[in-house]
file query21.cif (mmCIF, N, CA and C atoms)
data_start
loop_
_atom_site.group_PDB
_atom_site.id
_atom_site.type_symbol
_atom_site.label_atom_id
_atom_site.label_comp_id
_atom_site.auth_asym_id
_atom_site.auth_seq_id
_atom_site.Cartn_x
_atom_site.Cartn_y
_atom_site.Cartn_z
ATOM 1 N N MET A 1 -77.227 5.231 16.798
ATOM 2 C CA MET A 1 -76.838 3.841 16.811
ATOM 3 C C MET A 1 -75.635 3.604 15.892
ATOM 4 N N ILE A 2 -75.605 4.259 14.742
ATOM 5 C CA ILE A 2 -74.480 4.104 13.833
ATOM 6 C C ILE A 2 -73.203 4.604 14.488
ATOM 7 N N ALA A 3 -73.290 5.726 15.202
ATOM 8 C CA ALA A 3 -72.116 6.260 15.898
ATOM 9 C C ALA A 3 -71.592 5.259 16.918
ATOM 10 N N ALA A 4 -72.483 4.581 17.604
ATOM 11 C CA ALA A 4 -72.073 3.586 18.593
ATOM 12 C C ALA A 4 -71.340 2.434 17.927
ATOM 13 N N LEU A 5 -71.701 2.102 16.710
ATOM 14 C CA LEU A 5 -71.018 1.029 15.990
ATOM 15 C C LEU A 5 -69.662 1.474 15.451
ATOM 16 N N LEU A 6 -69.539 2.742 15.097
ATOM 17 C CA LEU A 6 -68.298 3.249 14.523
ATOM 18 C C LEU A 6 -67.217 3.495 15.568
ATOM 19 N N VAL A 7 -67.590 3.937 16.746
ATOM 20 C CA VAL A 7 -66.612 4.271 17.783
ATOM 21 C C VAL A 7 -65.736 3.079 18.149
ATOM 22 N N PRO A 8 -66.278 1.889 18.401
ATOM 23 C CA PRO A 8 -65.383 0.761 18.705
ATOM 24 C C PRO A 8 -64.439 0.438 17.547
ATOM 25 N N ASN A 9 -64.904 0.581 16.317
ATOM 26 C CA ASN A 9 -64.042 0.303 15.172
ATOM 27 C C ASN A 9 -62.914 1.320 15.080
ATOM 28 N N VAL A 10 -63.199 2.579 15.350
ATOM 29 C CA VAL A 10 -62.165 3.606 15.338
ATOM 30 C C VAL A 10 -61.154 3.327 16.437
ATOM 31 N N ALA A 11 -61.628 2.999 17.625
ATOM 32 C CA ALA A 11 -60.733 2.694 18.743
ATOM 33 C C ALA A 11 -59.901 1.464 18.428
ATOM 34 N N PHE A 12 -60.515 0.438 17.854
ATOM 35 C CA PHE A 12 -59.797 -0.782 17.499
ATOM 36 C C PHE A 12 -58.727 -0.477 16.454
ATOM 37 N N SER A 13 -59.108 0.305 15.436
ATOM 38 C CA SER A 13 -58.170 0.668 14.385
ATOM 39 C C SER A 13 -56.989 1.455 14.946
ATOM 40 N N ALA A 14 -57.264 2.419 15.818
ATOM 41 C CA ALA A 14 -56.195 3.226 16.408
ATOM 42 C C ALA A 14 -55.258 2.354 17.235
ATOM 43 N N ALA A 15 -55.827 1.392 17.972
ATOM 44 C CA ALA A 15 -55.007 0.518 18.797
ATOM 45 C C ALA A 15 -54.127 -0.379 17.930
ATOM 46 N N GLN A 16 -54.595 -0.738 16.757
ATOM 47 C CA GLN A 16 -53.847 -1.632 15.881
ATOM 48 C C GLN A 16 -52.725 -0.929 15.130
ATOM 49 N N ASP A 17 -52.722 0.370 15.104
ATOM 50 C CA ASP A 17 -51.753 1.112 14.315
ATOM 51 C C ASP A 17 -50.573 1.619 15.131
ATOM 52 N N ARG A 18 -50.292 1.059 16.279
ATOM 53 C CA ARG A 18 -49.182 1.506 17.113
ATOM 54 C C ARG A 18 -47.901 0.790 16.705
ATOM 55 N N VAL A 19 -46.824 1.561 16.567
ATOM 56 C CA VAL A 19 -45.532 1.004 16.182
ATOM 57 C C VAL A 19 -44.497 1.475 17.198
ATOM 58 N N GLN A 20 -43.723 0.523 17.708
ATOM 59 C CA GLN A 20 -42.616 0.883 18.589
ATOM 60 C C GLN A 20 -41.329 0.791 17.780
ATOM 61 N N PHE A 21 -40.523 1.840 17.845
ATOM 62 C CA PHE A 21 -39.269 1.952 17.104
ATOM 63 C C PHE A 21 -38.168 2.206 18.124
ATOM 64 N N CYS A 22 -37.211 1.288 18.212
ATOM 65 C CA CYS A 22 -36.106 1.414 19.168
ATOM 66 C C CYS A 22 -34.786 1.446 18.412
ATOM 67 N N TRP A 23 -33.824 2.195 18.949
ATOM 68 C CA TRP A 23 -32.505 2.260 18.333
ATOM 69 C C TRP A 23 -31.456 2.548 19.387
ATOM 70 N N ALA A 24 -30.228 2.197 19.046
ATOM 71 C CA ALA A 24 -29.081 2.501 19.904
ATOM 72 C C ALA A 24 -27.858 2.678 19.017
ATOM 73 N N MET A 25 -26.977 3.554 19.431
ATOM 74 C CA MET A 25 -25.741 3.808 18.690
ATOM 75 C C MET A 25 -24.620 2.990 19.330
ATOM 76 N N GLY A 26 -23.841 2.342 18.483
ATOM 77 C CA GLY A 26 -22.687 1.610 18.978
ATOM 78 C C GLY A 26 -21.683 2.568 19.602
ATOM 79 N N LYS A 27 -21.044 2.152 20.703
ATOM 80 C CA LYS A 27 -20.063 3.021 21.373
ATOM 81 C C LYS A 27 -18.761 3.130 20.595
ATOM 82 N N PHE A 28 -18.351 2.045 19.949
ATOM 83 C CA PHE A 28 -17.032 2.018 19.329
ATOM 84 C C PHE A 28 -17.076 1.854 17.816
ATOM 85 N N ASP A 29 -18.237 1.986 17.229
ATOM 86 C CA ASP A 29 -18.350 1.924 15.777
ATOM 87 C C ASP A 29 -19.381 2.960 15.321
ATOM 88 N N HIS A 30 -19.447 3.179 14.056
ATOM 89 C CA HIS A 30 -20.421 4.129 13.509
ATOM 90 C C HIS A 30 -21.637 3.358 13.023
ATOM 91 N N THR A 31 -22.297 2.692 13.959
ATOM 92 C CA THR A 31 -23.440 1.856 13.606
ATOM 93 C C THR A 31 -24.635 2.224 14.469
ATOM 94 N N ILE A 32 -25.778 2.279 13.825
ATOM 95 C CA ILE A 32 -27.057 2.439 14.521
ATOM 96 C C ILE A 32 -27.778 1.109 14.407
ATOM 97 N N TYR A 33 -28.136 0.550 15.534
ATOM 98 C CA TYR A 33 -28.893 -0.695 15.577
ATOM 99 C C TYR A 33 -30.342 -0.324 15.869
ATOM 100 N N PHE A 34 -31.274 -0.872 15.096
ATOM 101 C CA PHE A 34 -32.674 -0.534 15.329
ATOM 102 C C PHE A 34 -33.576 -1.756 15.203
ATOM 103 N N ALA A 35 -34.745 -1.620 15.793
ATOM 104 C CA ALA A 35 -35.796 -2.634 15.690
ATOM 105 C C ALA A 35 -37.138 -1.919 15.753
ATOM 106 N N GLU A 36 -38.111 -2.486 15.080
ATOM 107 C CA GLU A 36 -39.451 -1.912 15.108
ATOM 108 C C GLU A 36 -40.472 -3.041 15.141
ATOM 109 N N VAL A 37 -41.557 -2.790 15.833
ATOM 110 C CA VAL A 37 -42.593 -3.802 15.963
ATOM 111 C C VAL A 37 -43.951 -3.116 16.064
ATOM 112 N N GLU A 38 -44.951 -3.721 15.435
ATOM 113 C CA GLU A 38 -46.300 -3.175 15.462
ATOM 114 C C GLU A 38 -47.164 -3.953 16.439
ATOM 115 N N ASN A 39 -48.012 -3.208 17.132
ATOM 116 C CA ASN A 39 -49.103 -3.776 17.918
ATOM 117 C C ASN A 39 -48.663 -4.870 18.884
ATOM 118 N N ARG A 40 -47.563 -4.640 19.561
ATOM 119 C CA ARG A 40 -47.070 -5.599 20.544
ATOM 120 C C ARG A 40 -46.751 -4.857 21.834
ATOM 121 N N GLU A 41 -46.477 -5.620 22.869
ATOM 122 C CA GLU A 41 -46.086 -5.019 24.138
ATOM 123 C C GLU A 41 -44.717 -4.362 23.988
ATOM 124 N N ASP A 42 -44.326 -3.623 24.978
ATOM 125 C CA ASP A 42 -43.047 -2.910 24.980
ATOM 126 C C ASP A 42 -41.901 -3.895 24.757
ATOM 127 N N ARG A 43 -41.088 -3.661 23.729
ATOM 128 C CA ARG A 43 -39.982 -4.543 23.392
ATOM 129 C C ARG A 43 -38.619 -3.927 23.713
ATOM 130 N N GLN A 44 -38.597 -2.814 24.446
ATOM 131 C CA GLN A 44 -37.324 -2.150 24.732
ATOM 132 C C GLN A 44 -36.368 -3.072 25.475
ATOM 133 N N ALA A 45 -36.855 -3.775 26.471
ATOM 134 C CA ALA A 45 -35.984 -4.668 27.246
ATOM 135 C C ALA A 45 -35.425 -5.784 26.366
ATOM 136 N N SER A 46 -36.250 -6.333 25.477
ATOM 137 C CA SER A 46 -35.795 -7.387 24.573
ATOM 138 C C SER A 46 -34.710 -6.869 23.642
ATOM 139 N N PHE A 47 -34.894 -5.662 23.129
ATOM 140 C CA PHE A 47 -33.906 -5.053 22.229
ATOM 141 C C PHE A 47 -32.589 -4.811 22.961
ATOM 142 N N ASP A 48 -32.664 -4.257 24.160
ATOM 143 C CA ASP A 48 -31.470 -3.996 24.956
ATOM 144 C C ASP A 48 -30.745 -5.305 25.289
ATOM 145 N N THR A 49 -31.512 -6.339 25.641
ATOM 146 C CA THR A 49 -30.932 -7.642 25.954
ATOM 147 C C THR A 49 -30.238 -8.235 24.738
ATOM 148 N N LEU A 50 -30.846 -8.090 23.568
ATOM 149 C CA LEU A 50 -30.232 -8.591 22.338
ATOM 150 C C LEU A 50 -28.862 -7.959 22.127
ATOM 151 N N LEU A 51 -28.775 -6.657 22.306
ATOM 152 C CA LEU A 51 -27.493 -5.974 22.126
ATOM 153 C C LEU A 51 -26.460 -6.479 23.127
ATOM 154 N N GLU A 52 -26.891 -6.664 24.372
ATOM 155 C CA GLU A 52 -25.975 -7.168 25.414
ATOM 156 C C GLU A 52 -25.494 -8.575 25.084
ATOM 157 N N ILE A 53 -26.425 -9.461 24.740
ATOM 158 C CA ILE A 53 -26.069 -10.850 24.414
ATOM 159 C C ILE A 53 -25.146 -10.902 23.213
ATOM 160 N N SER A 54 -25.345 -10.013 22.268
ATOM 161 C CA SER A 54 -24.532 -9.976 21.049
ATOM 162 C C SER A 54 -23.163 -9.346 21.284
ATOM 163 N N GLY A 55 -22.924 -8.843 22.487
ATOM 164 C CA GLY A 55 -21.642 -8.239 22.806
ATOM 165 C C GLY A 55 -21.434 -6.885 22.146
ATOM 166 N N ILE A 56 -22.530 -6.190 21.869
ATOM 167 C CA ILE A 56 -22.442 -4.879 21.224
ATOM 168 C C ILE A 56 -22.417 -3.799 22.302
ATOM 169 N N ASP A 57 -21.275 -3.127 22.424
ATOM 170 C CA ASP A 57 -21.188 -1.997 23.347
ATOM 171 C C ASP A 57 -21.958 -0.847 22.719
ATOM 172 N N HIS A 58 -22.925 -0.320 23.455
ATOM 173 C CA HIS A 58 -23.807 0.689 22.874
ATOM 174 C C HIS A 58 -24.210 1.730 23.901
ATOM 175 N N HIS A 59 -24.599 2.868 23.381
ATOM 176 C CA HIS A 59 -25.169 3.920 24.225
ATOM 177 C C HIS A 59 -26.601 3.523 24.572
ATOM 178 N N ALA A 60 -27.242 4.297 25.410
ATOM 179 C CA ALA A 60 -28.592 3.979 25.873
ATOM 180 C C ALA A 60 -29.563 3.763 24.715
ATOM 181 N N VAL A 61 -30.456 2.812 24.906
ATOM 182 C CA VAL A 61 -31.501 2.518 23.930
ATOM 183 C C VAL A 61 -32.569 3.604 24.008
ATOM 184 N N ALA A 62 -33.006 4.059 22.862
ATOM 185 C CA ALA A 62 -34.113 5.021 22.778
ATOM 186 C C ALA A 62 -35.268 4.338 22.067
ATOM 187 N N CYS A 63 -36.464 4.536 22.558
ATOM 188 C CA CYS A 63 -37.649 3.955 21.923
ATOM 189 C C CYS A 63 -38.745 4.997 21.828
ATOM 190 N N ARG A 64 -39.508 4.910 20.768
ATOM 191 C CA ARG A 64 -40.690 5.745 20.586
ATOM 192 C C ARG A 64 -41.825 4.855 20.134
ATOM 193 N N THR A 65 -42.995 5.095 20.671
ATOM 194 C CA THR A 65 -44.190 4.403 20.223
ATOM 195 C C THR A 65 -45.134 5.445 19.668
ATOM 196 N N SER A 66 -45.606 5.211 18.455
ATOM 197 C CA SER A 66 -46.470 6.185 17.804
ATOM 198 C C SER A 66 -47.394 5.488 16.825
ATOM 199 N N ASP A 67 -48.319 6.254 16.269
ATOM 200 C CA ASP A 67 -49.194 5.704 15.242
ATOM 201 C C ASP A 67 -48.352 5.447 13.989
ATOM 202 N N ALA A 68 -48.881 4.655 13.065
ATOM 203 C CA ALA A 68 -48.116 4.227 11.898
ATOM 204 C C ALA A 68 -47.653 5.406 11.037
ATOM 205 N N ALA A 69 -48.498 6.399 10.826
ATOM 206 C CA ALA A 69 -48.128 7.541 9.981
ATOM 207 C C ALA A 69 -46.984 8.337 10.614
ATOM 208 N N THR A 70 -47.078 8.601 11.920
ATOM 209 C CA THR A 70 -46.018 9.325 12.617
ATOM 210 C C THR A 70 -44.735 8.506 12.609
ATOM 211 N N HIS A 71 -44.864 7.203 12.792
ATOM 212 C CA HIS A 71 -43.698 6.311 12.767
ATOM 213 C C HIS A 71 -42.968 6.410 11.427
ATOM 214 N N ARG A 72 -43.695 6.373 10.332
ATOM 215 C CA ARG A 72 -43.061 6.449 9.009
ATOM 216 C C ARG A 72 -42.299 7.758 8.835
ATOM 217 N N ARG A 73 -42.893 8.871 9.279
ATOM 218 C CA ARG A 73 -42.217 10.167 9.161
ATOM 219 C C ARG A 73 -40.973 10.218 10.047
ATOM 220 N N THR A 74 -41.110 9.777 11.293
ATOM 221 C CA THR A 74 -39.989 9.785 12.237
ATOM 222 C C THR A 74 -38.858 8.894 11.735
ATOM 223 N N ARG A 75 -39.204 7.704 11.280
ATOM 224 C CA ARG A 75 -38.214 6.751 10.777
ATOM 225 C C ARG A 75 -37.466 7.351 9.583
ATOM 226 N N ALA A 76 -38.201 7.932 8.648
ATOM 227 C CA ALA A 76 -37.573 8.531 7.464
ATOM 228 C C ALA A 76 -36.620 9.664 7.860
ATOM 229 N N ALA A 77 -37.040 10.500 8.799
ATOM 230 C CA ALA A 77 -36.190 11.612 9.242
ATOM 231 C C ALA A 77 -34.925 11.102 9.934
ATOM 232 N N LEU A 78 -35.077 10.103 10.805
ATOM 233 C CA LEU A 78 -33.913 9.545 11.494
ATOM 234 C C LEU A 78 -32.957 8.882 10.509
ATOM 235 N N PHE A 79 -33.483 8.092 9.564
ATOM 236 C CA PHE A 79 -32.624 7.435 8.583
ATOM 237 C C PHE A 79 -31.872 8.466 7.744
ATOM 238 N N LYS A 80 -32.535 9.541 7.371
ATOM 239 C CA LYS A 80 -31.881 10.601 6.590
ATOM 240 C C LYS A 80 -30.727 11.196 7.402
ATOM 241 N N GLU A 81 -31.003 11.496 8.662
ATOM 242 C CA GLU A 81 -29.970 12.062 9.541
ATOM 243 C C GLU A 81 -28.802 11.090 9.705
ATOM 244 N N TRP A 82 -29.104 9.817 9.935
ATOM 245 C CA TRP A 82 -28.053 8.821 10.137
ATOM 246 C C TRP A 82 -27.210 8.639 8.881
ATOM 247 N N ARG A 83 -27.851 8.579 7.736
ATOM 248 C CA ARG A 83 -27.102 8.400 6.485
ATOM 249 C C ARG A 83 -26.199 9.598 6.204
ATOM 250 N N GLU A 84 -26.693 10.792 6.484
ATOM 251 C CA GLU A 84 -25.880 11.997 6.276
ATOM 252 C C GLU A 84 -24.684 12.033 7.224
ATOM 253 N N SER A 85 -24.781 11.332 8.337
ATOM 254 C CA SER A 85 -23.692 11.259 9.310
ATOM 255 C C SER A 85 -22.784 10.069 9.050
ATOM 256 N N GLU A 86 -23.018 9.368 7.966
ATOM 257 C CA GLU A 86 -22.223 8.212 7.550
ATOM 258 C C GLU A 86 -22.305 7.033 8.517
ATOM 259 N N PHE A 87 -23.413 6.912 9.213
ATOM 260 C CA PHE A 87 -23.613 5.758 10.080
ATOM 261 C C PHE A 87 -24.069 4.566 9.250
ATOM 262 N N GLU A 88 -23.633 3.384 9.648
ATOM 263 C CA GLU A 88 -24.181 2.162 9.085
ATOM 264 C C GLU A 88 -25.458 1.884 9.866
ATOM 265 N N ILE A 89 -26.483 1.432 9.196
ATOM 266 C CA ILE A 89 -27.772 1.185 9.835
ATOM 267 C C ILE A 89 -28.043 -0.314 9.771
ATOM 268 N N VAL A 90 -28.258 -0.935 10.941
ATOM 269 C CA VAL A 90 -28.457 -2.375 11.012
ATOM 270 C C VAL A 90 -29.839 -2.668 11.602
ATOM 271 N N ASN A 91 -30.648 -3.364 10.834
ATOM 272 C CA ASN A 91 -31.986 -3.749 11.278
ATOM 273 C C ASN A 91 -31.892 -5.039 12.084
ATOM 274 N N THR A 92 -32.206 -4.960 13.366
ATOM 275 C CA THR A 92 -32.160 -6.138 14.237
ATOM 276 C C THR A 92 -33.555 -6.584 14.645
ATOM 277 N N THR A 93 -34.570 -6.149 13.911
ATOM 278 C CA THR A 93 -35.949 -6.440 14.288
ATOM 279 C C THR A 93 -36.178 -7.932 14.468
ATOM 280 N N PHE A 94 -35.719 -8.726 13.530
ATOM 281 C CA PHE A 94 -35.977 -10.169 13.589
ATOM 282 C C PHE A 94 -35.335 -10.805 14.826
ATOM 283 N N MET A 95 -34.239 -10.239 15.304
ATOM 284 C CA MET A 95 -33.566 -10.796 16.476
ATOM 285 C C MET A 95 -34.131 -10.245 17.778
ATOM 286 N N SER A 96 -34.490 -8.972 17.798
ATOM 287 C CA SER A 96 -34.916 -8.377 19.053
ATOM 288 C C SER A 96 -36.340 -8.763 19.413
ATOM 289 N N ASP A 97 -37.032 -9.444 18.526
ATOM 290 C CA ASP A 97 -38.382 -9.892 18.823
ATOM 291 C C ASP A 97 -38.371 -11.205 19.605
ATOM 292 N N LEU A 98 -37.190 -11.755 19.866
ATOM 293 C CA LEU A 98 -37.089 -12.968 20.656
ATOM 294 C C LEU A 98 -37.274 -12.650 22.120
ATOM 295 N N ASP A 99 -37.807 -13.587 22.855
ATOM 296 C CA ASP A 99 -37.970 -13.379 24.302
ATOM 297 C C ASP A 99 -36.809 -14.031 25.044
ATOM 298 N N TYR A 100 -36.087 -13.229 25.811
ATOM 299 C CA TYR A 100 -34.983 -13.739 26.612
ATOM 300 C C TYR A 100 -35.346 -13.666 28.065
#
call {"tool": "encode", "arguments": {"input": "query21.cif", "output": "structure tokens"}}
result
Amino acid sequence: MIAALLVPNVAFSAAQDRVQFCWAMGKFDHTIYFAEVENREDRQASFDTLLEISGIDHHAVACRTSDAATHRRTRAALFKEWRESEFEIVNTTFMSDLDY
């Protein structure tokens, strides 16, 4: 009976720890635009639309959805790589969460 009570909590916890991380590189500048959101539906289209509306010429949007721990490791590795490449990193999370 205890196992039956724990399984839904584990499943609920796992479902709550999903993070989507999207980014795109500017075509004509050395800028990486990114957005991240937890426990929400797919925001790739919203992020891509934000870049288009903002007039930012960019390469294809890449998105990854993972658990929170994997997200932190992936994000740290990408930021390290981007900084070493002298890219400017712009957080557009607050804007890309809008519905267009």
call {"tool": "closest_residue", "arguments": {"input": "query21.cif", "among": "A:Met25, A:Ala69, A:Met95, A:Val19", "to": "Arg40 in chain A", "atoms": "only C-alpha atoms"}}
result
A:Val19
call {"tool": "closest_residue", "arguments": {"input": "query21.cif", "among": "A:Leu50, A:His58, A:Asp17, A:Phe94", "to": "Glu38 in chain A", "atoms": "all atoms listed in the file"}}
result
A:Asp17
call {"tool": "atom_distance", "arguments": {"input": "query21.cif", "atom1": "atom C of Phe47 in chain A", "atom2": "CA of Gly26 in chain A"}}
result
12.5 Å
call {"tool": "closest_residue", "arguments": {"input": "query21.cif", "among": "A:Glu41, A:His30, A:Ile56, A:Ser46", "to": "Ser85 in chain A", "atoms": "all atoms listed in the file"}}
result
A:His30
call {"tool": "select_by_dssp", "arguments": {"input": "query21.cif", "residues": "range 4-72 of chain A", "states": "alpha helix (DSSP H)", "output": "list in words"}}
result
Ala4, Leu5, Leu6, Val7, Pro8, Asn9, Val10, Ala11, Phe12, Ser13, Ala14, Ala15, Gln16, Gln44, Ala45, Ser46, Phe47, Asp48, Thr49, Leu50, Leu51, Glu52, Ile53, Ala68, Ala69, Thr70, His71 and Arg72 of chain A
call {"tool": "atom_distance", "arguments": {"input": "query21.cif", "atom1": "CA of Ala76 in chain A", "atom2": "CA of Phe21 in chain A"}}
result
11.8 Å
call {"tool": "atom_distance", "arguments": {"input": "query21.cif", "atom1": "CA of Thr31 in chain A", "atom2": "CA of Arg18 in chain A"}}
result
26.0 Å
call {"tool": "closest_residue", "arguments": {"input": "query21.cif", "among": "A:Leu78, A:Ile53, A:Cys63, A:Ala45", "to": "Trp23 in chain A", "atoms": "all atoms listed in the file"}}
result
A:Cys63
call {"tool": "residues_around", "arguments": {"input": "query21.cif", "residues": "Asn91 in chain A", "least_positions_apart": "4", "cutoff": "8 Å", "atoms": "all atoms listed in the file", "output": "PDB file with N, CA and C atoms, in the coordinates of the input"}}
result
ATOM      1  N   ILE A  32     -25.778   2.279  13.825  1.00  0.00           N
ATOM      2  CA  ILE A  32     -27.057   2.439  14.521  1.00  0.00           C
ATOM      3  C   ILE A  32     -27.778   1.109  14.407  1.00  0.00           C
ATOM      4  N   TYR A  33     -28.136   0.550  15.534  1.00  0.00           N
ATOM      5  CA  TYR A  33     -28.893  -0.695  15.577  1.00  0.00           C
ATOM      6  C   TYR A  33     -30.342  -0.324  15.869  1.00  0.00           C
ATOM      7  N   PHE A  34     -31.274  -0.872  15.096  1.00  0.00           N
ATOM      8  CA  PHE A  34     -32.674  -0.534  15.329  1.00  0.00           C
ATOM      9  C   PHE A  34     -33.576  -1.756  15.203  1.00  0.00           C
ATOM     10  N   ALA A  35     -34.745  -1.620  15.793  1.00  0.00           N
ATOM     11  CA  ALA A  35     -35.796  -2.634  15.690  1.00  0.00           C
ATOM     12  C   ALA A  35     -37.138  -1.919  15.753  1.00  0.00           C
ATOM     13  N   GLU A  36     -38.111  -2.486  15.080  1.00  0.00           N
ATOM     14  CA  GLU A  36     -39.451  -1.912  15.108  1.00  0.00           C
ATOM     15  C   GLU A  36     -40.472  -3.041  15.141  1.00  0.00           C
ATOM     16  N   MET A  95     -34.239 -10.239  15.304  1.00  0.00           N
ATOM     17  CA  MET A  95     -33.566 -10.796  16.476  1.00  0.00           C
ATOM     18  C   MET A  95     -34.131 -10.245  17.778  1.00  0.00           C
ATOM     19  N   SER A  96     -34.490  -8.972  17.798  1.00  0.00           N
ATOM     20  CA  SER A  96     -34.916  -8.377  19.053  1.00  0.00           C
ATOM     21  C   SER A  96     -36.340  -8.763  19.413  1.00  0.00           C
TER      22      SER A  96
END
